[in-house]
Structure formats: C-alpha cells, structure tokens
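Below: my_file_20.pdb (PDB, C-alpha atoms)
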ATOM      1  CA  MET A   1      -1.974  13.938   1.702  1.00  0.00           C
ATOM      2  CA  PHE A   2      -1.767  13.081   5.389  1.00  0.00           C
ATOM      3  CA  GLU A   3      -1.933  14.936   8.658  1.00  0.00           C
ATOM      4  CA  LEU A   4      -0.016  13.939  11.796  1.00  0.00           C
ATOM      5  CA  ILE A   5      -1.027  15.625  15.036  1.00  0.00           C
ATOM      6  CA  ILE A   6       1.453  15.097  17.865  1.00  0.00           C
ATOM      7  CA  ASN A   7       0.703  15.416  21.570  1.00  0.00           C
ATOM      8  CA  ASN A   8       3.792  14.774  23.663  1.00  0.00           C
ATOM      9  CA  SER A   9       2.334  15.750  27.038  1.00  0.00           C
ATOM     10  CA  THR A  10      -0.488  13.334  27.749  1.00  0.00           C
ATOM     11  CA  ASP A  11      -1.659  12.455  31.265  1.00  0.00           C
ATOM     12  CA  ASN A  12      -0.794   8.799  30.749  1.00  0.00           C
ATOM     13  CA  GLY A  13       2.819   9.562  29.763  1.00  0.00           C
ATOM     14  CA  ARG A  14       2.391   8.174  26.264  1.00  0.00           C
ATOM     15  CA  LEU A  15       3.259   9.875  23.011  1.00  0.00           C
ATOM     16  CA  SER A  16      -0.153  10.452  21.473  1.00  0.00           C
ATOM     17  CA  LEU A  17      -0.511  10.753  17.706  1.00  0.00           C
ATOM     18  CA  ILE A  18      -3.465  11.273  15.410  1.00  0.00           C
ATOM     19  CA  LEU A  19      -2.907  10.154  11.832  1.00  0.00           C
ATOM     20  CA  LYS A  20      -5.339  11.299   9.146  1.00  0.00           C
ATOM     21  CA  GLY A  21      -5.635  11.051   5.370  1.00  0.00           C
ATOM     22  CA  GLU A  22      -3.456   9.032   3.007  1.00  0.00           C
ATOM     23  CA  VAL A  23       0.040   7.695   3.670  1.00  0.00           C
ATOM     24  CA  ASP A  24       1.450   6.583   0.339  1.00  0.00           C
ATOM     25  CA  ILE A  25       4.784   6.658  -1.458  1.00  0.00           C
ATOM     26  CA  SER A  26       4.343  10.366  -2.085  1.00  0.00           C
ATOM     27  CA  SER A  27       3.727  11.361   1.533  1.00  0.00           C
ATOM     28  CA  ALA A  28       5.868   8.617   3.139  1.00  0.00           C
ATOM     29  CA  PRO A  29       9.159  10.579   3.371  1.00  0.00           C
ATOM     30  CA  GLU A  30       7.521  13.418   5.337  1.00  0.00           C
ATOM     31  CA  PHE A  31       5.535  10.976   7.466  1.00  0.00           C
ATOM     32  CA  LYS A  32       8.710   9.051   8.297  1.00  0.00           C
ATOM     33  CA  SER A  33      10.669  12.129   9.196  1.00  0.00           C
ATOM     34  CA  ARG A  34       7.935  13.640  11.411  1.00  0.00           C
ATOM     35  CA  LEU A  35       7.078  10.342  13.103  1.00  0.00           C
ATOM     36  CA  TYR A  36      10.681   9.384  13.890  1.00  0.00           C
ATOM     37  CA  GLU A  37      11.412  12.873  15.178  1.00  0.00           C
ATOM     38  CA  ALA A  38       8.415  12.609  17.521  1.00  0.00           C
ATOM     39  CA  VAL A  39       9.380   9.098  18.645  1.00  0.00           C
ATOM     40  CA  GLY A  40      12.964  10.164  19.335  1.00  0.00           C
ATOM     41  CA  GLU A  41      14.832   7.501  21.299  1.00  0.00           C
ATOM     42  CA  GLY A  42      11.624   5.530  21.670  1.00  0.00           C
ATOM     43  CA  ASP A  43      11.403   5.771  25.445  1.00  0.00           C
ATOM     44  CA  LYS A  44       7.613   6.177  25.570  1.00  0.00           C
ATOM     45  CA  ASP A  45       4.650   4.047  24.608  1.00  0.00           C
ATOM     46  CA  ILE A  46       2.979   5.375  21.484  1.00  0.00           C
ATOM     47  CA  GLU A  47      -0.756   5.641  20.977  1.00  0.00           C
ATOM     48  CA  LEU A  48      -1.811   6.175  17.392  1.00  0.00           C
ATOM     49  CA  PHE A  49      -5.387   7.164  16.580  1.00  0.00           C
ATOM     50  CA  CYS A  50      -6.373   6.233  13.034  1.00  0.00           C
ATOM     51  CA  ASP A  51     -10.122   6.750  12.722  1.00  0.00           C
ATOM     52  CA  GLU A  52      -9.507   9.264   9.923  1.00  0.00           C
ATOM     53  CA  LEU A  53      -6.697   7.335   8.225  1.00  0.00           C
ATOM     54  CA  THR A  54      -8.135   6.409   4.835  1.00  0.00           C
ATOM     55  CA  TYR A  55      -5.163   4.799   3.080  1.00  0.00           C
ATOM     56  CA  ILE A  56      -1.782   3.317   3.938  1.00  0.00           C
ATOM     57  CA  ASP A  57       0.503   1.161   1.793  1.00  0.00           C
ATOM     58  CA  SER A  58       3.439  -1.139   2.491  1.00  0.00           C
ATOM     59  CA  THR A  59       5.783   1.856   2.659  1.00  0.00           C
ATOM     60  CA  GLY A  60       3.693   3.367   5.457  1.00  0.00           C
ATOM     61  CA  LEU A  61       3.444   0.036   7.251  1.00  0.00           C
ATOM     62  CA  GLY A  62       7.227  -0.273   7.072  1.00  0.00           C
ATOM     63  CA  ILE A  63       7.581   3.152   8.686  1.00  0.00           C
ATOM     64  CA  LEU A  64       5.257   2.143  11.530  1.00  0.00           C
ATOM     65  CA  VAL A  65       7.325  -1.020  12.032  1.00  0.00           C
ATOM     66  CA  GLY A  66      10.428   1.179  12.234  1.00  0.00           C
ATOM     67  CA  ALA A  67       8.807   3.206  15.029  1.00  0.00           C
ATOM     68  CA  LEU A  68       7.807   0.009  16.811  1.00  0.00           C
ATOM     69  CA  LYS A  69      11.379  -1.297  16.675  1.00  0.00           C
ATOM     70  CA  ARG A  70      12.616   1.910  18.297  1.00  0.00           C
ATOM     71  CA  VAL A  71      10.212   1.723  21.238  1.00  0.00           C
ATOM     72  CA  LYS A  72      10.631  -2.031  21.676  1.00  0.00           C
ATOM     73  CA  LYS A  73      14.299  -1.397  22.522  1.00  0.00           C
ATOM     74  CA  ASN A  74      12.995   0.318  25.646  1.00  0.00           C
ATOM     75  CA  ASP A  75      10.298  -2.289  26.350  1.00  0.00           C
ATOM     76  CA  CYS A  76       7.643   0.137  25.201  1.00  0.00           C
ATOM     77  CA  ASN A  77       4.873  -0.548  22.719  1.00  0.00           C
ATOM     78  CA  VAL A  78       2.722   0.926  19.943  1.00  0.00           C
ATOM     79  CA  TYR A  79      -1.035   0.962  20.509  1.00  0.00           C
ATOM     80  CA  ILE A  80      -3.129   1.580  17.412  1.00  0.00           C
ATOM     81  CA  TYR A  81      -6.759   2.607  17.797  1.00  0.00           C
ATOM     82  CA  GLN A  82      -9.812   2.773  15.563  1.00  0.00           C
ATOM     83  CA  LEU A  83      -8.422   1.410  12.302  1.00  0.00           C
ATOM     84  CA  LYS A  84     -10.912   1.366   9.454  1.00  0.00           C
ATOM     85  CA  GLU A  85     -11.734  -2.162   8.308  1.00  0.00           C
ATOM     86  CA  ASN A  86      -9.995  -1.830   4.929  1.00  0.00           C
ATOM     87  CA  ILE A  87      -6.750  -0.831   6.682  1.00  0.00           C
ATOM     88  CA  ARG A  88      -7.109  -3.367   9.469  1.00  0.00           C
ATOM     89  CA  LYS A  89      -7.272  -5.948   6.694  1.00  0.00           C
ATOM     90  CA  LEU A  90      -3.752  -4.927   5.591  1.00  0.00           C
ATOM     91  CA  PHE A  91      -2.459  -5.386   9.153  1.00  0.00           C
ATOM     92  CA  ARG A  92      -4.082  -8.835   9.179  1.00  0.00           C
ATOM     93  CA  ILE A  93      -2.638  -9.857   5.781  1.00  0.00           C
ATOM     94  CA  THR A  94       0.888  -8.780   6.680  1.00  0.00           C
ATOM     95  CA  GLY A  95       0.814 -10.334  10.149  1.00  0.00           C
ATOM     96  CA  LEU A  96       1.184  -6.918  11.777  1.00  0.00           C
ATOM     97  CA  GLU A  97      -2.073  -7.441  13.641  1.00  0.00           C
ATOM     98  CA  ARG A  98      -0.048  -9.621  16.019  1.00  0.00           C
ATOM     99  CA  VAL A  99       2.911  -7.237  16.191  1.00  0.00           C
ATOM    100  CA  PHE A 100       1.151  -4.002  17.108  1.00  0.00           C
ATOM    101  CA  ILE A 101      -1.523  -3.740  19.785  1.00  0.00           C
ATOM    102  CA  LEU A 102      -4.722  -2.972  17.890  1.00  0.00           C
ATOM    103  CA  GLU A 103      -7.669  -1.730  19.880  1.00  0.00           C
ATOM    104  CA  GLU A 104     -11.002  -0.158  19.065  1.00  0.00           C
ATOM    105  CA  ILE A 105     -11.225   2.367  21.901  1.00  0.00           C
ATOM    106  CA  ALA A 106      -8.513   4.094  23.928  1.00  0.00           C
TER     107      ALA A 106
ATOM    108  CA  MET B   1      -7.321 -13.723 -23.181  1.00  0.00           C
ATOM    109  CA  ASN B   2     -10.520 -14.347 -25.143  1.00  0.00           C
ATOM    110  CA  GLY B   3     -13.491 -12.091 -24.543  1.00  0.00           C
ATOM    111  CA  ILE B   4     -11.534  -8.919 -23.891  1.00  0.00           C
ATOM    112  CA  VAL B   5     -13.821  -5.911 -24.093  1.00  0.00           C
ATOM    113  CA  ASP B   6     -11.545  -2.932 -23.729  1.00  0.00           C
ATOM    114  CA  GLU B   7      -7.926  -2.130 -23.095  1.00  0.00           C
ATOM    115  CA  ILE B   8      -6.754   1.050 -21.394  1.00  0.00           C
ATOM    116  CA  ILE B   9      -3.089   2.001 -21.329  1.00  0.00           C
ATOM    117  CA  MET B  10      -1.494   4.575 -19.022  1.00  0.00           C
ATOM    118  CA  GLN B  11       2.041   5.805 -19.388  1.00  0.00           C
ATOM    119  CA  LEU B  12       3.344   7.696 -16.378  1.00  0.00           C
ATOM    120  CA  PRO B  13       6.542   9.337 -15.206  1.00  0.00           C
ATOM    121  CA  GLN B  14       8.290   7.256 -12.560  1.00  0.00           C
ATOM    122  CA  LYS B  15       7.378   9.767  -9.878  1.00  0.00           C
ATOM    123  CA  ALA B  16       5.536   9.245  -6.605  1.00  0.00           C
ATOM    124  CA  ASP B  17       3.350  12.278  -7.340  1.00  0.00           C
ATOM    125  CA  TYR B  18       1.335  10.335  -9.910  1.00  0.00           C
ATOM    126  CA  VAL B  19       0.488   7.182  -7.937  1.00  0.00           C
ATOM    127  CA  SER B  20      -2.676   8.827  -6.613  1.00  0.00           C
ATOM    128  CA  LEU B  21      -3.667   9.386 -10.257  1.00  0.00           C
ATOM    129  CA  VAL B  22      -3.240   5.657 -10.909  1.00  0.00           C
ATOM    130  CA  ARG B  23      -5.434   4.876  -7.882  1.00  0.00           C
ATOM    131  CA  LEU B  24      -8.103   7.241  -9.129  1.00  0.00           C
ATOM    132  CA  THR B  25      -8.027   5.753 -12.630  1.00  0.00           C
ATOM    133  CA  ALA B  26      -8.042   2.172 -11.337  1.00  0.00           C
ATOM    134  CA  SER B  27     -10.988   3.041  -9.155  1.00  0.00           C
ATOM    135  CA  GLY B  28     -12.950   4.394 -12.126  1.00  0.00           C
ATOM    136  CA  ILE B  29     -12.164   1.410 -14.335  1.00  0.00           C
ATOM    137  CA  ALA B  30     -12.950  -1.139 -11.605  1.00  0.00           C
ATOM    138  CA  SER B  31     -16.204   0.639 -10.839  1.00  0.00           C
ATOM    139  CA  ARG B  32     -17.172   0.555 -14.513  1.00  0.00           C
ATOM    140  CA  THR B  33     -16.416  -3.183 -14.573  1.00  0.00           C
ATOM    141  CA  GLY B  34     -18.952  -3.634 -11.776  1.00  0.00           C
ATOM    142  CA  PHE B  35     -16.904  -4.268  -8.645  1.00  0.00           C
ATOM    143  CA  ASP B  36     -18.251  -3.195  -5.258  1.00  0.00           C
ATOM    144  CA  ILE B  37     -16.630  -0.480  -3.151  1.00  0.00           C
ATOM    145  CA  ASP B  38     -14.622  -2.842  -0.919  1.00  0.00           C
ATOM    146  CA  THR B  39     -13.205  -4.712  -3.903  1.00  0.00           C
ATOM    147  CA  ILE B  40     -12.350  -1.463  -5.661  1.00  0.00           C
ATOM    148  CA  GLU B  41     -10.416  -0.453  -2.547  1.00  0.00           C
ATOM    149  CA  ASP B  42      -8.501  -3.758  -2.639  1.00  0.00           C
ATOM    150  CA  ILE B  43      -7.679  -3.303  -6.340  1.00  0.00           C
ATOM    151  CA  LYS B  44      -6.410   0.244  -5.724  1.00  0.00           C
ATOM    152  CA  VAL B  45      -4.163  -0.936  -2.906  1.00  0.00           C
ATOM    153  CA  ALA B  46      -2.710  -3.822  -4.942  1.00  0.00           C
ATOM    154  CA  ILE B  47      -2.010  -1.685  -8.019  1.00  0.00           C
ATOM    155  CA  SER B  48      -0.384   1.035  -5.921  1.00  0.00           C
ATOM    156  CA  GLU B  49       1.957  -1.507  -4.372  1.00  0.00           C
ATOM    157  CA  VAL B  50       3.431  -2.383  -7.767  1.00  0.00           C
ATOM    158  CA  CYS B  51       3.663   1.296  -8.760  1.00  0.00           C
ATOM    159  CA  ASN B  52       5.491   1.988  -5.480  1.00  0.00           C
ATOM    160  CA  LYS B  53       8.043  -0.689  -6.141  1.00  0.00           C
ATOM    161  CA  ILE B  54       8.693   0.481  -9.706  1.00  0.00           C
ATOM    162  CA  ILE B  55       9.150   4.075  -8.538  1.00  0.00           C
ATOM    163  CA  SER B  56      11.244   3.205  -5.477  1.00  0.00           C
ATOM    164  CA  TYR B  57      13.511   0.956  -7.460  1.00  0.00           C
ATOM    165  CA  ASN B  58      14.024   3.468 -10.245  1.00  0.00           C
ATOM    166  CA  HIS B  59      14.133   6.594  -8.106  1.00  0.00           C
ATOM    167  CA  GLU B  60      17.211   7.866  -9.905  1.00  0.00           C
ATOM    168  CA  GLN B  61      15.461   7.607 -13.255  1.00  0.00           C
ATOM    169  CA  CYS B  62      12.455   9.812 -12.559  1.00  0.00           C
ATOM    170  CA  ASN B  63      12.521  11.130 -16.110  1.00  0.00           C
ATOM    171  CA  GLU B  64      11.704   7.631 -17.345  1.00  0.00           C
ATOM    172  CA  HIS B  65       8.161   6.369 -17.802  1.00  0.00           C
ATOM    173  CA  TYR B  66       6.376   3.134 -16.992  1.00  0.00           C
ATOM    174  CA  LYS B  67       3.327   1.603 -18.591  1.00  0.00           C
ATOM    175  CA  ILE B  68       0.218   0.128 -17.025  1.00  0.00           C
ATOM    176  CA  THR B  69      -2.265  -1.816 -19.156  1.00  0.00           C
ATOM    177  CA  PHE B  70      -5.771  -2.391 -17.862  1.00  0.00           C
ATOM    178  CA  LYS B  71      -7.660  -5.200 -19.631  1.00  0.00           C
ATOM    179  CA  LEU B  72     -11.380  -5.325 -19.131  1.00  0.00           C
ATOM    180  CA  PHE B  73     -13.220  -8.617 -19.657  1.00  0.00           C
ATOM    181  CA  PRO B  74     -16.935  -9.268 -19.199  1.00  0.00           C
ATOM    182  CA  ASN B  75     -16.381 -10.855 -15.813  1.00  0.00           C
ATOM    183  CA  LYS B  76     -12.903  -9.842 -14.769  1.00  0.00           C
ATOM    184  CA  PHE B  77     -10.301  -7.150 -14.743  1.00  0.00           C
ATOM    185  CA  LYS B  78      -6.576  -7.500 -15.338  1.00  0.00           C
ATOM    186  CA  VAL B  79      -3.696  -5.092 -14.838  1.00  0.00           C
ATOM    187  CA  LEU B  80      -0.319  -5.616 -16.493  1.00  0.00           C
ATOM    188  CA  PHE B  81       3.001  -3.916 -15.766  1.00  0.00           C
ATOM    189  CA  ASN B  82       6.068  -4.342 -17.957  1.00  0.00           C
ATOM    190  CA  VAL B  83       9.279  -4.237 -15.938  1.00  0.00           C
ATOM    191  CA  THR B  84      12.888  -5.231 -16.418  1.00  0.00           C
ATOM    192  CA  ASN B  85      14.021  -8.660 -15.375  1.00  0.00           C
ATOM    193  CA  HIS B  86      16.301  -7.111 -12.758  1.00  0.00           C
ATOM    194  CA  LEU B  87      13.467  -5.139 -11.212  1.00  0.00           C
ATOM    195  CA  ALA B  88      11.126  -8.147 -11.182  1.00  0.00           C
ATOM    196  CA  ARG B  89      13.739 -10.168  -9.297  1.00  0.00           C
ATOM    197  CA  ASN B  90      14.313  -7.489  -6.674  1.00  0.00           C
ATOM    198  CA  MET B  91      11.105  -5.518  -6.204  1.00  0.00           C
ATOM    199  CA  PHE B  92       9.614  -7.768  -3.551  1.00  0.00           C
ATOM    200  CA  GLU B  93      12.778  -8.127  -1.463  1.00  0.00           C
ATOM    201  CA  GLY B  94      13.130  -6.839   2.094  1.00  0.00           C
ATOM    202  CA  GLU B  95      10.514  -6.159   4.747  1.00  0.00           C
ATOM    203  CA  GLU B  96       8.392  -3.687   2.774  1.00  0.00           C
ATOM    204  CA  GLY B  97       8.742  -5.795  -0.388  1.00  0.00           C
ATOM    205  CA  ASN B  98       7.433  -8.785   1.515  1.00  0.00           C
ATOM    206  CA  PHE B  99       4.506  -6.738   2.863  1.00  0.00           C
ATOM    207  CA  ALA B 100       3.727  -5.660  -0.710  1.00  0.00           C
ATOM    208  CA  LYS B 101       3.817  -9.229  -1.997  1.00  0.00           C
ATOM    209  CA  LEU B 102       1.543 -10.465   0.800  1.00  0.00           C
ATOM    210  CA  ILE B 103      -0.898  -7.617   0.223  1.00  0.00           C
ATOM    211  CA  ILE B 104      -1.104  -8.136  -3.550  1.00  0.00           C
ATOM    212  CA  SER B 105      -1.421 -11.909  -3.411  1.00  0.00           C
ATOM    213  CA  SER B 106      -4.104 -11.692  -0.714  1.00  0.00           C
ATOM    214  CA  LEU B 107      -6.203  -8.979  -2.301  1.00  0.00           C
ATOM    215  CA  MET B 108      -6.101 -10.149  -5.933  1.00  0.00           C
ATOM    216  CA  ASP B 109      -7.325 -13.419  -7.464  1.00  0.00           C
ATOM    217  CA  GLU B 110      -4.369 -13.605  -9.829  1.00  0.00           C
ATOM    218  CA  PHE B 111      -0.814 -12.408  -9.294  1.00  0.00           C
ATOM    219  CA  THR B 112       1.937 -13.658 -11.586  1.00  0.00           C
ATOM    220  CA  VAL B 113       5.368 -12.519 -12.724  1.00  0.00           C
ATOM    221  CA  ARG B 114       6.343 -13.977 -16.113  1.00  0.00           C
ATOM    222  CA  CYS B 115       9.746 -13.319 -17.639  1.00  0.00           C
ATOM    223  CA  ASP B 116      10.804 -13.713 -21.239  1.00  0.00           C
ATOM    224  CA  GLY B 117      13.562 -11.173 -21.589  1.00  0.00           C
ATOM    225  CA  ASP B 118      11.693  -8.404 -19.794  1.00  0.00           C
ATOM    226  CA  CYS B 119       8.972  -9.344 -17.322  1.00  0.00           C
ATOM    227  CA  THR B 120       5.238  -8.859 -17.107  1.00  0.00           C
ATOM    228  CA  ILE B 121       3.521  -8.567 -13.750  1.00  0.00           C
ATOM    229  CA  THR B 122      -0.128  -9.526 -14.091  1.00  0.00           C
ATOM    230  CA  MET B 123      -2.808  -9.012 -11.480  1.00  0.00           C
ATOM    231  CA  GLY B 124      -6.395 -10.068 -11.972  1.00  0.00           C
ATOM    232  CA  LYS B 125      -9.650  -9.789 -10.104  1.00  0.00           C
ATOM    233  CA  ASN B 126     -12.748 -11.787 -10.943  1.00  0.00           C
ATOM    234  CA  LEU B 127     -16.204 -10.336 -10.780  1.00  0.00           C
ATOM    235  CA  GLY B 128     -18.420 -12.500  -8.569  1.00  0.00           C
ATOM    236  CA  ASP B 129     -17.726 -16.206  -8.596  1.00  0.00           C
ATOM    237  CA  TYR B 130     -16.374 -16.494 -12.099  1.00  0.00           C
ATOM    238  CA  PRO B 131     -13.205 -18.608 -12.200  1.00  0.00           C
ATOM    239  CA  ASN B 132      -9.821 -17.576 -13.539  1.00  0.00           C
ATOM    240  CA  GLU B 133      -9.158 -18.199 -17.196  1.00  0.00           C
TER     241      GLU B 133
END
This entry written out as structure tokens:
Amino acid sequence: MFELIINNSTDNGRLSLILKGEVDISSAPEFKSRLYEAVGEGDKDIELFCDELTYIDSTGLGILVGALKRVKKNDCNVYIYQLKENIRKLFRITGLERVFILEEIA
Amino acid sequence: MNGIVDEIIMQLPQKADYVSLVRLTASGIASRTGFDIDTIEDIKVAISEVCNKIISYNHEQCNEHYKITFKLFPNKFKVLFNVTNHLARNMFEGEEGNFAKLIISSLMDEFTVRCDGDCTITMGKNLGDYPNE
C-alpha cells in the first residue's frame, strides 16, 4: 500500500508530493493515475519527498520516468528528496540517479 | 546442485495481489538462510521483479498459476521460475523490462535464463564470500 499526498499550492511554485509506503505492481495503477493527474501538462517542477517510501520496483520507477518526461517537455524537472539507501541503490543501478535530481534536504 | 538442504515450492495465481506474499515468504526464507537485512531486501526486490514480469505479461490469464521454487543450500539460496519460451524472450523488453534486468543482475550473484522447450529463470545469492557453484 502507498500514500501520495499532493500539495499544488506551494510558495516556490512547485508541485509538492509526499510518497509513502510501497509502490509495487499491485499499487502501481493507482499511483500512476494519481501522479499523472497531479502532474497534468507538466508545466511545474515537481518535488517528491520519499523519506517514508519503503519499497519501489521497476514498474514504479517507470511511472516516475513518465512524469519526468512530461515536465521535461516544459523544461521543468523532478527533484527527489530523502530517498532511503535501499531505494537510492535502485536509482543508481538503473542510471536514474543521473536522470532525476536527487537531494537529501529540500 | 549438490548439498541442497531444503526445497520450498510456491504456486500462486498470476495476480498482482499476491506479490507482497512472495516478498514476505522470500524474506523469511532468506532470513532463515542467514542473510543480513540489506541482502534480504535485495533478494525481495529481485524476486518481485520476475513476479511482476510474469504477471504483467500474462495479465489476461489471471486464473492461471505460476510456480516459484526456492532451493536452500548451506551457503547459498536459489530461486527458480518456470516460464514459457515466449515470455522469457519478451519479459525484459522495453524501458521497465530493462530496469528490471539491471536491478536483478546487480542485486543477485547469479541470474540466468536457460531454455529447453520452456525456460527456467534462476537467481542465486551466496552467503558471505562463498563462490558460485
């Protein structure tokens, strides 16, 4: 199970998201639908806080890449904060560490 | 395959709902084998990736089942999946398929797909510094 908290009215103009729990093949369809709805046309930078994200698989990573592609069309970016080490390792293995902007603190 | 201690076989419906059950079971078996928490996490991730691909590929056949065999050795742990030749040739295609392949091959010590009619996907993890067989 996962939880996605969406804040679309931040002071910095970014779409702010908090992702918690497990994103796997079971929860991926709902995650994809809610994330892409929030991202819309992709005209804002996205900040994604993941300190309580405990599991994500290749399906979830693919969904995040989909969101990144949308915002890149508008020269925006996806900033990912506070990944746990076991998940950061997956970003490293897949080369996504160089595709997203990974930071420890917002 | 000498020195096998125990073999555990799971047969599951090809439904996403049960992948968390596979992760839980894999975690228990890997823990019993003696792996540390970080390695158990890696094993869970790798096994789930194969389950995902089997389920995604066969999403119209959710009444079918698939089999996972866990083989426990004194110093290693192996997981085997039997899949069709067609599935084995296609399951790691595309962007997500490539992510899955990279993840599995990086996290596991052994990752092979052998076909003789149907195919067997084998993943292995060694305990400590023991070499592959």
**Report entry** Given the PyMOL selection byres ((chain B) within 6 of (chain A)), the residues it picks as a list of chain:residue names
**Finding:**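 In the shown coordinates, the PyMOL selection byres ((chain B) within 6 of (chain A)) covers B:Ala16, B:Asp17, B:Glu96, B:Phe99, B:Ala100.
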Query - Residue contacts of B:Thr39 (9 Å, only C-alpha atoms) excluding same-chain residues fewer than 6 positions away, as a PyMOL selection string - result: chain B and resi 30+107+125
Report task. Around the point (-0.6, -4.3, -5.2), in the coordinates given by the file, pick out the residues reaching within 8 Å, counting all atoms listed in the file, and return them as an MDAnalysis selection string. Result -> chainID B and resid 43:51 100:101 103:105 107
Report task. Measure the distance from atom CA of B:Phe92 to atom CA of B:Val79 in Å and round it to one decimal. Result ->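 Computing the Euclidean distance for atom CA of B:Phe92 and atom CA of B:Val79 yields 17.7 Å.
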Which neighbours of A:Leu53 fall inside 7 Å, counting only C-alpha atoms, when residues of the same chain fewer than 6 positions from it are skipped, and could you give them as a PDB file with C-alpha atoms, in the coordinates of the input?
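And here is the file that came out, out_6.pdb:
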ATOM      1  CA  LEU A  19      -2.907  10.154  11.832  1.00  0.00           C
ATOM      2  CA  LYS A  20      -5.339  11.299   9.146  1.00  0.00           C
ATOM      3  CA  GLY A  21      -5.635  11.051   5.370  1.00  0.00           C
ATOM      4  CA  GLU A  22      -3.456   9.032   3.007  1.00  0.00           C
TER       5      GLU A  22
END
Report task. Within 9 Å of B:Val22, counting all atoms listed in the file, which residues show up once you throw out same-chain ones fewer than 2 positions away? Write them as a PyMOL selection string, please. Result -> chain B and resi 10+12+18-20+24-27+44+47-48+51+68
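Picked by the PyMOL selection byres ((chain B and resi 72) around 8) from the coordinates shown: Ile4, Val5, Asp6, Glu7, Thr33, Phe70, Lys71, Phe73, Pro74, Lys76, Phe77 and Lys78 of chain B.
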Local residues around (1.3, 11.7, 15.3), at most 8 Å away, using all atoms listed in the file, as a CSV table (one decimal) with C-alpha atoms, in the coordinates of the input:
chain,number,residue,atom,x,y,z
A,4,LEU,CA,0.0,13.9,11.8
A,5,ILE,CA,-1.0,15.6,15.0
A,6,ILE,CA,1.5,15.1,17.9
A,7,ASN,CA,0.7,15.4,21.6
A,16,SER,CA,-0.2,10.5,21.5
A,17,LEU,CA,-0.5,10.8,17.7
A,18,ILE,CA,-3.5,11.3,15.4
A,19,LEU,CA,-2.9,10.2,11.8
A,34,ARG,CA,7.9,13.6,11.4
A,35,LEU,CA,7.1,10.3,13.1
A,38,ALA,CA,8.4,12.6,17.5
A,48,LEU,CA,-1.8,6.2,17.4
**Report entry** Neighbour list for A:Lys72 as a count of residues only, cut-off 12 Å, only C-alpha atoms, skip fewer than 3 positions in-chain
**Finding:** 18
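What separates atom CA of A:Glu97 from atom CA of A:Leu83 is a distance of 11.0 Å.
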